[in-house]
$ cat input-v9.cif   # mmCIF, C-alpha atoms
data_data
#
loop_
_atom_site.label_atom_id
_atom_site.label_comp_id
_atom_site.auth_asym_id
_atom_site.auth_seq_id
_atom_site.Cartn_x
_atom_site.Cartn_y
_atom_site.Cartn_z
CA MET B 19 11.32 20.62 11.97
CA VAL B 20 8.92 23.42 11.16
CA ARG B 21 6.29 23.92 13.82
CA ILE B 22 2.61 23.50 13.05
CA LYS B 23 0.78 26.80 13.00
CA PRO B 24 -1.88 27.28 15.69
CA SER B 25 -4.32 28.34 12.98
CA VAL B 26 -3.88 24.95 11.28
CA LEU B 27 -4.35 23.14 14.60
CA LYS B 28 -7.54 25.10 15.22
CA LYS B 29 -8.87 24.38 11.77
CA ALA B 30 -8.08 20.67 12.19
CA CYS B 31 -9.83 20.63 15.55
CA GLN B 32 -12.97 22.08 14.00
CA ILE B 33 -13.06 19.26 11.45
CA ASN B 34 -12.37 16.49 13.94
CA PRO B 35 -10.97 16.78 17.46
CA LEU B 36 -8.67 13.82 16.79
CA LEU B 37 -6.92 15.47 13.84
CA PRO B 38 -4.56 17.73 15.82
CA LEU B 39 -3.09 14.58 17.35
CA LEU B 40 -2.13 13.29 13.93
CA LEU B 41 -0.70 16.57 12.64
CA PRO B 42 2.82 16.25 14.13
CA GLU B 43 3.44 13.18 11.94
CA CYS B 44 1.24 13.99 8.95
CA ARG B 45 1.99 17.72 8.72
CA THR B 46 -1.06 18.59 6.58
CA ILE B 47 -4.76 18.37 7.34
CA GLU B 48 -5.44 16.29 4.22
CA ALA B 49 -2.80 13.73 5.18
CA ALA B 50 -4.11 13.64 8.74
CA GLN B 51 -7.67 13.06 7.53
CA GLN B 52 -6.44 10.28 5.30
CA GLU B 53 -4.61 8.64 8.19
CA LEU B 54 -7.57 8.97 10.52
CA ARG B 55 -9.68 7.22 7.90
CA TRP B 56 -7.20 4.35 7.76
CA ILE B 57 -7.17 4.06 11.54
CA GLN B 58 -10.96 4.13 11.72
CA ASN B 59 -11.23 1.53 8.98
CA GLU B 60 -9.00 -0.93 10.77
CA VAL B 61 -9.82 -0.17 14.40
CA SER B 62 -13.50 -0.49 15.23
CA ASP B 63 -13.45 0.59 18.85
CA LYS B 64 -13.73 4.37 19.29
CA LYS B 65 -11.68 4.40 22.45
CA ARG B 66 -8.92 2.47 20.74
CA VAL B 67 -9.00 4.92 17.78
CA ARG B 68 -8.40 7.73 20.23
CA GLN B 69 -5.60 5.78 21.87
CA CYS B 70 -3.97 5.21 18.49
CA CYS B 71 -4.14 8.93 17.70
CA MET B 72 -2.57 9.77 21.07
CA LEU B 73 0.30 7.39 20.30
CA ARG B 74 0.65 8.87 16.82
CA ALA B 75 1.03 12.29 18.43
CA ARG B 76 4.10 10.85 20.13
CA HIS B 77 5.41 9.65 16.75
CA TYR B 78 4.60 5.98 17.30
CA PRO B 79 4.70 4.27 13.87
CA LEU B 80 1.29 3.69 12.29
CA GLN B 81 2.31 0.23 11.08
CA TYR B 82 2.94 -0.94 14.65
CA LEU B 83 -0.49 0.38 15.65
CA LEU B 84 -2.37 -1.24 12.79
CA GLY B 85 -0.11 -4.28 12.83
CA SER B 86 0.64 -4.48 9.15
CA GLN B 87 2.20 -2.85 6.12
CA PRO B 88 1.20 -3.60 2.53
CA PHE B 89 4.14 -4.89 0.53
CA GLY B 90 3.31 -5.44 -3.11
CA PRO B 91 0.28 -7.73 -3.13
CA LEU B 92 1.07 -9.00 0.39
CA ASP B 93 0.02 -7.61 3.73
CA VAL B 94 3.05 -8.09 5.97
CA THR B 95 2.56 -8.22 9.73
CA CYS B 96 4.63 -5.69 11.68
CA GLN B 97 5.65 -5.77 15.31
CA PRO B 98 7.73 -3.48 17.50
CA GLY B 99 11.36 -4.58 17.50
CA VAL B 100 11.41 -5.36 13.79
CA LEU B 101 11.99 -2.80 11.04
CA ILE B 102 8.90 -1.77 9.08
CA PRO B 103 9.22 -2.46 5.34
CA ARG B 104 9.78 0.73 3.34
CA TRP B 105 8.21 1.70 0.05
CA GLU B 106 11.66 1.90 -1.55
CA THR B 107 12.26 -1.75 -0.68
CA GLU B 108 8.82 -2.66 -2.00
CA GLU B 109 9.56 -0.84 -5.22
CA TRP B 110 12.81 -2.62 -6.05
CA THR B 111 11.59 -6.00 -4.82
CA VAL B 112 8.54 -5.85 -7.08
CA SER B 113 10.69 -4.76 -9.99
CA LEU B 114 13.22 -7.54 -9.30
CA ALA B 115 10.52 -10.18 -8.88
CA GLU B 116 9.03 -9.21 -12.24
CA LYS B 117 12.39 -9.76 -13.90
CA LEU B 118 13.13 -13.17 -12.35
CA PRO B 119 12.31 -16.20 -14.51
CA ARG B 120 9.07 -17.89 -13.39
CA ASP B 121 9.59 -21.30 -14.92
CA MET B 122 12.97 -22.14 -13.40
CA ALA B 123 13.90 -23.44 -9.98
CA PHE B 124 16.78 -21.67 -8.30
CA ASP B 125 17.93 -20.61 -4.83
CA ILE B 126 17.49 -17.17 -3.33
CA MET B 127 18.85 -16.08 0.04
CA ASP B 128 17.74 -12.91 1.80
CA LEU B 129 20.02 -11.58 4.51
CA CYS B 130 18.89 -9.21 7.29
CA THR B 131 15.37 -10.22 6.45
CA GLY B 132 13.43 -8.52 9.30
CA THR B 133 9.72 -9.09 8.67
CA GLY B 134 10.65 -11.34 5.76
CA CYS B 135 9.01 -9.00 3.28
CA ILE B 136 11.58 -9.39 0.49
CA PRO B 137 11.80 -13.22 0.45
CA LEU B 138 8.02 -13.50 0.91
CA LEU B 139 7.34 -11.38 -2.15
CA LEU B 140 10.01 -13.12 -4.25
CA LYS B 141 8.68 -16.56 -3.28
CA GLN B 142 5.10 -15.43 -3.95
CA MET B 143 5.99 -14.24 -7.44
CA CYS B 144 8.36 -17.15 -8.27
CA PRO B 145 6.87 -20.16 -6.47
CA LYS B 146 9.37 -22.61 -7.96
CA CYS B 147 12.36 -21.07 -6.18
CA SER B 148 13.71 -22.16 -2.83
CA VAL B 149 13.97 -19.08 -0.68
CA PHE B 150 16.10 -18.76 2.46
CA ALA B 151 15.88 -15.91 4.92
CA VAL B 152 18.51 -15.07 7.53
CA ASP B 153 18.31 -12.75 10.51
CA ARG B 154 20.14 -12.64 13.81
CA SER B 155 17.34 -11.03 15.81
CA PRO B 156 15.08 -13.53 17.61
CA LEU B 157 12.13 -11.12 17.22
CA ALA B 158 12.67 -10.91 13.48
CA TYR B 159 13.03 -14.68 13.27
CA LYS B 160 9.72 -15.16 15.05
CA LEU B 161 7.92 -12.53 12.98
CA ALA B 162 9.26 -13.84 9.68
CA THR B 163 8.11 -17.34 10.65
CA ARG B 164 4.69 -15.98 11.55
CA ASN B 165 4.43 -14.05 8.28
CA SER B 166 5.47 -17.08 6.29
CA ASN B 167 2.75 -19.13 8.01
CA THR B 168 -0.07 -16.60 7.82
CA LEU B 169 0.61 -15.67 4.21
CA GLN B 170 1.18 -19.34 3.34
CA VAL B 171 4.42 -18.61 1.54
CA PRO B 172 6.94 -21.26 2.54
CA LEU B 173 10.38 -19.92 3.51
CA LYS B 174 13.38 -21.51 5.13
CA ILE B 175 14.23 -19.16 7.93
CA ILE B 176 17.62 -19.27 9.61
CA LYS B 177 18.60 -17.50 12.82
CA LYS B 178 22.27 -16.62 12.39
CA ASP B 179 24.48 -13.57 12.53
CA ILE B 180 25.78 -12.98 9.01
CA LEU B 181 28.74 -10.87 10.15
CA GLU B 182 30.04 -13.33 12.74
CA ARG B 183 28.89 -16.73 11.60
CA SER B 184 28.36 -16.57 7.87
CA SER B 185 30.36 -19.77 7.34
CA GLU B 186 27.83 -21.79 9.37
CA ILE B 187 24.92 -20.86 7.13
CA VAL B 188 23.73 -23.52 4.74
CA PRO B 189 23.31 -23.71 1.77
CA ARG B 190 26.89 -22.91 0.82
CA THR B 191 25.99 -21.47 -2.56
CA VAL B 192 22.86 -19.84 -3.95
CA ASP B 193 21.91 -18.13 -7.21
CA LEU B 194 20.85 -14.78 -5.81
CA ILE B 195 21.41 -12.92 -2.57
CA THR B 196 19.20 -10.01 -1.61
CA CYS B 197 19.76 -7.87 1.44
CA ASN B 198 18.46 -4.73 3.11
CA PRO B 199 21.21 -4.24 5.69
CA PRO B 200 21.26 -1.53 8.35
CA TYR B 201 22.84 1.37 6.49
CA ILE B 202 22.42 4.57 8.47
CA PRO B 203 25.84 5.73 9.67
CA ARG B 204 26.07 6.76 13.32
CA THR B 205 27.21 10.22 12.26
CA THR B 206 24.01 11.03 10.38
CA PHE B 207 21.59 9.03 12.54
CA ALA B 208 20.71 11.82 14.97
CA ARG B 209 20.47 14.51 12.31
CA GLU B 210 18.75 12.91 9.35
CA THR B 211 16.56 10.17 10.77
CA ALA B 212 12.87 10.86 11.33
CA ARG B 213 11.75 10.97 14.94
CA SER B 214 9.36 8.06 14.67
CA VAL B 215 12.17 5.88 13.29
CA LYS B 216 14.70 7.05 15.86
CA LEU B 217 12.41 6.49 18.81
CA PHE B 218 10.55 3.32 17.97
CA GLU B 219 12.34 1.21 15.39
CA PRO B 220 15.19 -1.14 16.33
CA LYS B 221 18.67 0.35 16.10
CA LEU B 222 19.94 -3.10 15.20
CA ALA B 223 18.16 -2.84 11.87
CA LEU B 224 19.14 0.78 11.23
CA LEU B 225 22.67 1.54 12.36
CA GLY B 226 25.48 0.41 10.13
CA ASN B 227 27.73 1.62 7.44
CA LYS B 228 30.30 -0.25 5.38
CA GLU B 229 30.53 -3.46 7.42
CA PHE B 230 27.71 -5.24 5.61
CA TYR B 231 29.10 -4.29 2.22
CA ALA B 232 32.57 -5.44 3.28
CA ASN B 233 30.96 -8.68 4.48
CA LEU B 234 29.29 -9.00 1.06
CA VAL B 235 32.56 -8.75 -0.81
CA ASP B 236 34.50 -10.92 1.66
CA CYS B 237 32.02 -13.69 2.44
CA TRP B 238 29.08 -13.75 0.11
CA MET B 239 30.29 -12.93 -3.38
CA SER B 240 32.12 -16.22 -3.58
CA ARG B 241 28.91 -18.04 -2.60
CA THR B 242 26.50 -16.53 -5.09
CA ASP B 243 26.05 -15.70 -8.77
CA ALA B 244 24.27 -12.40 -8.21
CA PHE B 245 23.44 -10.00 -5.41
CA VAL B 246 21.07 -7.09 -4.82
CA TYR B 247 21.87 -4.89 -1.80
CA GLU B 248 19.91 -1.87 -0.66
CA VAL B 249 22.01 1.20 0.21
CA GLY B 250 21.49 4.49 2.02
CA ASP B 251 23.82 6.65 0.00
CA LEU B 252 26.16 6.72 -2.93
CA SER B 253 29.32 6.17 -0.87
CA GLN B 254 28.10 2.67 -0.02
CA CYS B 255 27.52 1.95 -3.71
CA TYR B 256 31.00 3.15 -4.55
CA TYR B 257 32.51 1.16 -1.70
CA VAL B 258 31.31 -2.07 -3.32
CA LEU B 259 32.27 -0.88 -6.79
CA ASN B 260 35.77 0.10 -5.69
CA ARG B 261 36.33 -3.15 -3.80
CA VAL B 262 35.39 -5.09 -6.94
CA THR B 263 37.34 -3.00 -9.44
CA GLY B 264 40.29 -2.93 -7.04
CA ASP B 265 40.57 -6.72 -7.06
CA VAL B 266 41.88 -8.20 -10.31
CA ASP B 267 40.02 -11.48 -9.96
CA LEU B 268 36.65 -10.00 -8.90
CA SER B 269 36.93 -7.24 -11.46
CA ARG B 270 37.27 -9.80 -14.23
CA LYS B 271 34.37 -11.98 -13.06
CA TRP B 272 31.80 -9.49 -11.79
CA ARG B 273 29.62 -6.77 -13.27
CA ILE B 274 28.30 -4.07 -10.93
CA GLY B 275 25.39 -1.64 -11.33
CA PHE B 276 23.54 1.00 -9.31
CA ARG B 277 19.82 1.65 -9.22
CA HIS B 278 17.93 4.71 -8.03
CA ASP B 279 14.48 4.78 -6.42
CA SER B 280 11.61 6.79 -7.90
CA CYS B 281 12.65 9.80 -5.83
CA GLY B 282 15.99 9.76 -7.62
CA ARG B 283 18.05 8.66 -4.62
CA PRO B 284 20.66 5.90 -4.97
CA ARG B 285 18.98 2.82 -3.50
CA ILE B 286 20.55 -0.36 -4.84
CA VAL B 287 23.96 -1.75 -5.60
CA TYR B 288 23.72 -4.99 -7.55
CA GLY B 289 26.11 -7.29 -9.28
CA PHE B 290 26.32 -10.58 -11.13
CA ARG B 291 28.91 -12.93 -12.56
CA ALA B 292 29.64 -12.10 -16.19
CA SER B 293 29.80 -15.78 -17.10
CA GLY B 294 29.73 -19.26 -15.67
CA SER B 295 26.48 -18.91 -13.73
CA ARG B 296 23.44 -21.17 -13.90
CA LEU B 297 21.11 -18.35 -14.93
CA ASN B 298 21.90 -15.64 -17.41
CA TRP B 299 21.91 -12.74 -14.96
CA ALA B 300 23.10 -10.23 -17.53
CA SER B 301 19.83 -10.65 -19.44
CA ILE B 302 17.63 -11.01 -16.34
CA LEU B 303 18.92 -7.82 -14.75
CA VAL B 304 19.08 -5.80 -17.94
CA LYS B 305 17.51 -2.35 -17.35
CA PHE B 306 17.30 -3.01 -13.59
CA GLY B 307 19.68 -0.09 -13.07
CA ASP B 308 22.73 1.54 -14.61
CA MET B 309 25.79 -0.61 -15.15
CA LYS B 310 28.93 0.88 -13.68
CA HIS B 311 31.44 -1.86 -14.31
CA MET Y 15 -57.82 3.14 -11.40
CA LYS Y 16 -55.40 5.92 -10.50
CA ALA Y 17 -53.55 3.67 -8.07
CA LEU Y 18 -53.35 0.96 -10.66
CA LEU Y 19 -51.94 3.34 -13.25
CA ARG Y 20 -49.33 4.67 -10.84
CA CYS Y 21 -48.39 1.20 -9.80
CA GLY Y 22 -48.02 0.21 -13.43
CA PHE Y 23 -45.71 3.10 -14.20
CA HIS Y 24 -43.55 2.29 -11.26
CA THR Y 25 -43.11 -1.30 -12.12
CA ILE Y 26 -41.96 -0.22 -15.56
CA ALA Y 27 -39.50 2.28 -14.08
CA ALA Y 28 -38.23 -0.22 -11.52
CA ARG Y 29 -37.59 -2.73 -14.20
CA SER Y 30 -35.58 -0.32 -16.33
CA ILE Y 31 -32.37 -0.34 -14.25
CA LYS Y 32 -30.99 -2.92 -11.86
CA LYS Y 33 -27.94 -2.42 -9.69
CA ASN Y 34 -26.40 -5.70 -10.72
CA LYS Y 35 -27.05 -5.10 -14.40
CA LEU Y 36 -25.44 -1.71 -14.90
CA PRO Y 37 -23.30 -1.08 -17.96
CA PRO Y 38 -19.72 -2.18 -17.16
CA ARG Y 39 -17.08 0.17 -15.73
CA PRO Y 40 -14.78 1.55 -18.41
CA LYS Y 41 -11.52 -0.40 -18.50
CA LEU Y 42 -8.02 0.45 -19.62
CA SER Y 43 -7.14 -1.49 -22.73
CA THR Y 44 -3.63 -2.92 -23.10
CA GLN Y 45 -3.00 -0.36 -25.79
CA MET Y 46 -3.92 2.45 -23.41
CA GLU Y 47 -1.61 0.94 -20.81
CA THR Y 48 1.33 1.67 -23.12
CA GLU Y 49 0.33 5.32 -23.39
CA LEU Y 50 0.53 5.89 -19.65
CA GLU Y 51 3.09 7.65 -17.57
CA GLU Y 52 3.10 6.39 -14.01
CA LYS Y 53 4.72 8.26 -11.16
CA PHE Y 54 5.02 7.48 -7.47
CA LEU Y 55 5.03 10.55 -5.30
CA HIS Y 56 6.40 10.32 -1.81
CA GLY Y 57 6.74 13.94 -0.88
CA GLY Y 58 9.83 15.33 -2.48
CA ARG Y 59 13.38 15.70 -1.28
CA GLY Y 60 15.17 14.96 1.95
CA PRO Y 61 16.37 11.66 3.33
CA GLY Y 62 14.66 8.40 2.43
CA GLY Y 63 15.02 4.66 2.87
CA GLN Y 64 15.39 3.45 6.43
CA LYS Y 65 15.69 7.03 7.68
CA ILE Y 66 12.01 7.77 7.13
CA ASN Y 67 8.87 5.72 7.53
CA LYS Y 68 6.23 7.05 5.17
CA CYS Y 69 2.81 5.47 5.37
CA ASN Y 70 1.22 6.97 2.29
CA SER Y 71 1.97 6.17 -1.30
CA LYS Y 72 0.53 8.40 -3.94
CA VAL Y 73 0.21 7.16 -7.48
CA GLN Y 74 -0.07 9.62 -10.34
CA LEU Y 75 -1.13 8.47 -13.77
CA LYS Y 76 -0.93 10.53 -16.92
CA HIS Y 77 -2.60 9.56 -20.16
CA LEU Y 78 -0.28 11.02 -22.78
CA PRO Y 79 -2.63 11.39 -25.79
CA SER Y 80 -5.22 13.37 -23.84
CA GLY Y 81 -3.07 14.84 -21.10
CA ILE Y 82 -5.49 13.64 -18.41
CA VAL Y 83 -3.82 13.28 -15.01
CA VAL Y 84 -5.31 11.38 -12.08
CA GLU Y 85 -3.93 10.78 -8.63
CA CYS Y 86 -4.77 8.18 -6.04
CA GLN Y 87 -3.67 7.79 -2.43
CA GLU Y 88 -6.82 6.31 -0.97
CA THR Y 89 -5.25 3.22 0.58
CA ARG Y 90 -1.95 2.41 2.30
CA SER Y 91 -1.11 -0.11 -0.38
CA ARG Y 92 0.63 1.05 -3.50
CA ASP Y 93 -0.74 -1.97 -5.32
CA GLN Y 94 -4.33 -1.00 -4.47
CA ASN Y 95 -3.71 2.65 -5.29
CA ARG Y 96 -2.39 1.69 -8.70
CA LYS Y 97 -5.53 -0.30 -9.43
CA LEU Y 98 -7.82 2.47 -8.19
CA ALA Y 99 -5.93 5.09 -10.19
CA ARG Y 100 -6.37 2.99 -13.31
CA GLU Y 101 -10.12 2.72 -12.71
CA LYS Y 102 -10.35 6.47 -12.23
CA LEU Y 103 -8.32 7.16 -15.33
CA ALA Y 104 -10.34 4.75 -17.45
CA LEU Y 105 -13.51 6.61 -16.47
CA ARG Y 106 -11.96 9.96 -17.30
CA ILE Y 107 -10.72 8.67 -20.65
CA ALA Y 108 -14.16 7.29 -21.48
CA GLN Y 109 -15.67 10.67 -20.66
CA TRP Y 110 -13.05 12.39 -22.81
CA GLN Y 111 -13.73 10.04 -25.72
CA GLY Y 112 -17.45 10.61 -25.36
CA GLY Y 113 -16.94 14.35 -25.77
CA GLY Y 114 -16.98 15.37 -22.14
CA GLY Y 115 -20.43 14.01 -21.31
CA PRO Y 116 -21.10 11.31 -18.73
CA VAL Y 117 -20.60 7.70 -19.81
CA ALA Y 118 -23.35 5.10 -20.03
CA ARG Y 119 -22.59 3.70 -16.59
CA GLU Y 120 -22.82 7.09 -14.93
CA VAL Y 121 -26.12 7.84 -16.67
CA ALA Y 122 -27.44 4.49 -15.57
CA LEU Y 123 -26.19 5.01 -12.02
CA HIS Y 124 -27.78 8.43 -11.87
CA GLU Y 125 -31.04 7.00 -13.16
CA TRP Y 126 -30.78 4.18 -10.63
CA GLU Y 127 -30.37 6.70 -7.81
CA ARG Y 128 -33.33 8.74 -9.02
CA GLN Y 129 -35.33 5.58 -9.25
CA GLY Y 130 -34.48 4.77 -5.66
CA LYS Y 131 -35.48 8.23 -4.55
CA ARG Y 132 -38.74 8.06 -6.48
CA SER Y 133 -39.63 4.70 -5.02
CA LYS Y 134 -38.91 6.02 -1.55
CA GLU Y 135 -41.18 8.99 -2.17
CA ARG Y 136 -43.86 6.73 -3.52
CA LYS Y 137 -43.63 4.44 -0.52
CA SER Y 138 -43.97 7.30 1.93
CA LYS Y 139 -46.86 8.73 -0.07
CA ASP Y 140 -48.56 5.35 -0.13
CA LYS Y 141 -48.07 5.09 3.57
CA HIS Y 142 -49.72 8.46 4.05
CA VAL Y 143 -52.63 7.50 1.84
CA LYS Y 144 -53.06 4.25 3.69
CA HIS Y 145 -52.95 5.91 7.07
CA GLN Y 146 -55.39 8.53 5.93
CA GLU Y 147 -57.75 5.86 4.74
CA VAL Y 148 -57.46 3.98 7.98
CA ARG Y 149 -58.07 7.15 9.92
CA ARG Y 150 -61.02 8.09 7.78
CA SER Y 151 -62.62 4.69 8.12
CA ALA Y 152 -62.06 4.83 11.85
CA GLU Y 153 -63.75 8.22 11.95
CA MET Y 154 -66.61 6.98 9.83
CA GLN Y 155 -67.03 4.05 12.11
CA LYS Y 156 -67.03 6.31 15.11
CA LEU Y 157 -69.63 8.58 13.49
CA GLN Y 158 -71.67 5.58 12.58
CA GLU Y 159 -71.51 4.33 16.12
CA GLU Y 160 -72.50 7.71 17.48
CA GLU Y 161 -75.36 7.90 15.05
CA ASP Y 162 -76.43 4.45 16.03
CA LEU Y 163 -76.25 5.43 19.66
CA LEU Y 164 -78.27 8.61 19.05
CA ARG Y 165 -80.85 6.68 17.07
CA SER Y 166 -81.15 4.08 19.79
CA LEU Y 167 -81.57 6.83 22.36
CA LEU Y 168 -84.20 8.60 20.28
CA THR Y 169 -86.25 5.50 19.68
#

$ encode --input "input-v9.cif" --output "structure tokens"
Amino acid sequence: MVRIKPSVLKKACQINPLLPLLLPECRTIEAAQQELRWIQNEVSDKKRVRQCCMLRARHYPLQYLLGSQPFGPLDVTCQPGVLIPRWETEEWTVSLAEKLPRDMAFDIMDLCTGTGCIPLLLKQMCPKCSVFAVDRSPLAYKLATRNSNTLQVPLKIIKKDILERSSEIVPRTVDLITCNPPYIPRTTFARETARSVKLFEPKLALLGNKEFYANLVDCWMSRTDAFVYEVGDLSQCYYVLNRVTGDVDLSRKWRIGFRHDSCGRPRIVYGFRASGSRLNWASILVKFGDMKH
Amino acid sequence: MKALLRCGFHTIAARSIKKNKLPPRPKLSTQMETELEEKFLHGGRGPGGQKINKCNSKVQLKHLPSGIVVECQETRSRDQNRKLAREKLALRIAQWQGGGGPVAREVALHEWERQGKRSKERKSKDKHVKHQEVRRSAEMQKLQEEEDLLRSLLT
């Protein structure tokens, strides 16, 4: 990472002595000023503001300090040990929630739910649905429960490992599965991951590669009519696509598409049954991304 | 008489603009909403998703017919930023439609501020006048007392 010039540090110090502490994460004076304003708005005690800035200098995530992250119209509580919701996830969840039918009751299951941000937003926007959330981490389970209670969005939260014990999870079948699985491969983790993420966010929610997508094809596709999975790179998208096109039965029944985020990076692999489902997913998910199969 | 006149003027001025009765903020009509180009800027290339934890979300709005561009990254929430950006843009569009001049709300707000300043000045001036009067009367009283004392001594 490019070092911060001493001249910039000096200039920042002249504006506010706390700013140089924020520069390692924010990189520019404007961004640091913005962040300091946010901290000062949410933390009233001056001593605590200083403490927060000191922690920020050591790359501690801002969301853990302030205790929340906005996610669509919701303000989701964040705690150390549980992955902070990303803007990319917010973006596709909002876009998906806008496409889902409001007047129908159907079942949604979110796997690897973490804070519960995805199911909370979906339930908030489609109150008639029953929404299930699954996570194996006890911290995530607790936090998702807390979020569900404080935001008054009822969820059914299940503490189970989806790789090991997917067969024990009820309900057996749902209409839609969403998931933001850990998708950073071990090989790129050290090189490409930001320091604040590497040091302070749970590896359990970050490290993974194809296993969750294999698990999707093996265990979950038979139990759902549609799925939306977040991905880290194109190879994960193609893994799902190739598994589906490589299987005669799946290839006939399923349609697969990819979606990019607003930075142009591949972010979603999604799929739905071409026919025989309760909802018409082909029309619901039209223009959600680009169809590949 | 002078005081009465001044007072009269001020009550007229004070009545002219009230903070809760300003002309409304310009709003984006649904038709304008279709002429927008919305972009979310998160600082360019490099890895994304779980690999990075960005706190800011910048919203950029472009009004295609006029080419006006506004940006907003005031809050941490993209939702809020989108709303604020729309407010900003609506104001800019209203200014553009009005030929570049300030819109009614701005004029009123400006006038309201001036009003506030004037009333402040008036109050401080009144205070001065009052104090002066008090002081003068106190002096007069003192003089009177001294005179009385002198007279009593002389007689």

$ interface_residues --input "input-v9.cif" --of "chain Y" --to "chain B" --cutoff "8 Å" --atoms "only C-alpha atoms" --output "ChimeraX atom specification"
/Y:53-56,58-59,61-69,71,88-93

$ atom_distance --input "input-v9.cif" --atom1 "CA of Ile47 in chain B" --atom2 "CA of Arg68 in chain B"
17.1 Å

$ closest_residue --input "input-v9.cif" --among "B:Phe124, B:Leu161, B:Leu84, B:Leu114" --to "Leu139 in chain B" --atoms "all atoms listed in the file"
B:Leu114

$ resolve_selection --input "input-v9.cif" --expression "the PyMOL selection byres ((chain Y and resi 98-111) around 10)" --output "PyMOL selection string"
chain Y and resi 39-43+46-47+50+52+72-77+79-89+92-97+112-120

$ resolve_selection --input "input-v9.cif" --expression "the PyMOL selection byres ((chain B and resi 178) around 10)" --output "ChimeraX atom specification"
/B:129-130,151-156,159,175-177,179-184,186-187

$ write_last_selection --input "input-v9.cif" --atoms "C-alpha atoms" --output "PDB file, in the coordinates of the input"
ATOM      1  CA  LEU B 129      20.020 -11.580   4.510  1.00  0.00           C
ATOM      2  CA  CYS B 130      18.890  -9.210   7.290  1.00  0.00           C
ATOM      3  CA  ALA B 151      15.880 -15.910   4.920  1.00  0.00           C
ATOM      4  CA  VAL B 152      18.510 -15.070   7.530  1.00  0.00           C
ATOM      5  CA  ASP B 153      18.310 -12.750  10.510  1.00  0.00           C
ATOM      6  CA  ARG B 154      20.140 -12.640  13.810  1.00  0.00           C
ATOM      7  CA  SER B 155      17.340 -11.030  15.810  1.00  0.00           C
ATOM      8  CA  PRO B 156      15.080 -13.530  17.610  1.00  0.00           C
ATOM      9  CA  TYR B 159      13.030 -14.680  13.270  1.00  0.00           C
ATOM     10  CA  ILE B 175      14.230 -19.160   7.930  1.00  0.00           C
ATOM     11  CA  ILE B 176      17.620 -19.270   9.610  1.00  0.00           C
ATOM     12  CA  LYS B 177      18.600 -17.500  12.820  1.00  0.00           C
ATOM     13  CA  ASP B 179      24.480 -13.570  12.530  1.00  0.00           C
ATOM     14  CA  ILE B 180      25.780 -12.980   9.010  1.00  0.00           C
ATOM     15  CA  LEU B 181      28.740 -10.870  10.150  1.00  0.00           C
ATOM     16  CA  GLU B 182      30.040 -13.330  12.740  1.00  0.00           C
ATOM     17  CA  ARG B 183      28.890 -16.730  11.600  1.00  0.00           C
ATOM     18  CA  SER B 184      28.360 -16.570   7.870  1.00  0.00           C
ATOM     19  CA  GLU B 186      27.830 -21.790   9.370  1.00  0.00           C
ATOM     20  CA  ILE B 187      24.920 -20.860   7.130  1.00  0.00           C
TER      21      ILE B 187
END

$ resolve_selection --input "input-v9.cif" --expression "the PyMOL selection byres ((chain B and resi 27) around 10)" --output "list of chain:residue names"
B:Ile22, B:Lys23, B:Pro24, B:Ser25, B:Val26, B:Lys28, B:Lys29, B:Ala30, B:Cys31, B:Gln32, B:Pro35, B:Leu37, B:Pro38, B:Leu39, B:Leu41, B:Pro42, B:Thr46, B:Ile47

$ axis_aligned_box --input "input-v9.cif" --around "range 180-192 of chain B" --padding-each-side "6 Å" --output "lines of an AutoDock Vina configuration file"
center_x = 26.6
center_y = -17.3
center_z = 4.4
size_x = 19.5
size_y = 24.8
size_z = 28.7

$ residues_around --input "input-v9.cif" --residues "Ala244 in chain B" --least-positions-apart "4" --cutoff "8 Å" --atoms "all atoms listed in the file" --output "list in words"
Asp193, Leu194, Ile195, Met239, Tyr288, Gly289, Phe290, Arg291 and Trp299 of chain B

$ write_last_selection --input "input-v9.cif" --atoms "C-alpha atoms" --output "compact mmCIF listing (two decimals), in the frame of the given file"
# COMPACT_ATOMS: atom_id res chain seq x y z
CA ASP B 193 21.91 -18.13 -7.21
CA LEU B 194 20.85 -14.78 -5.81
CA ILE B 195 21.41 -12.92 -2.57
CA MET B 239 30.29 -12.93 -3.38
CA TYR B 288 23.72 -4.99 -7.55
CA GLY B 289 26.11 -7.29 -9.28
CA PHE B 290 26.32 -10.58 -11.13
CA ARG B 291 28.91 -12.93 -12.56
CA TRP B 299 21.91 -12.74 -14.96

$ atom_distance --input "input-v9.cif" --atom1 "CA of Val258 in chain B" --atom2 "CA of Ser301 in chain B"
21.6 Å
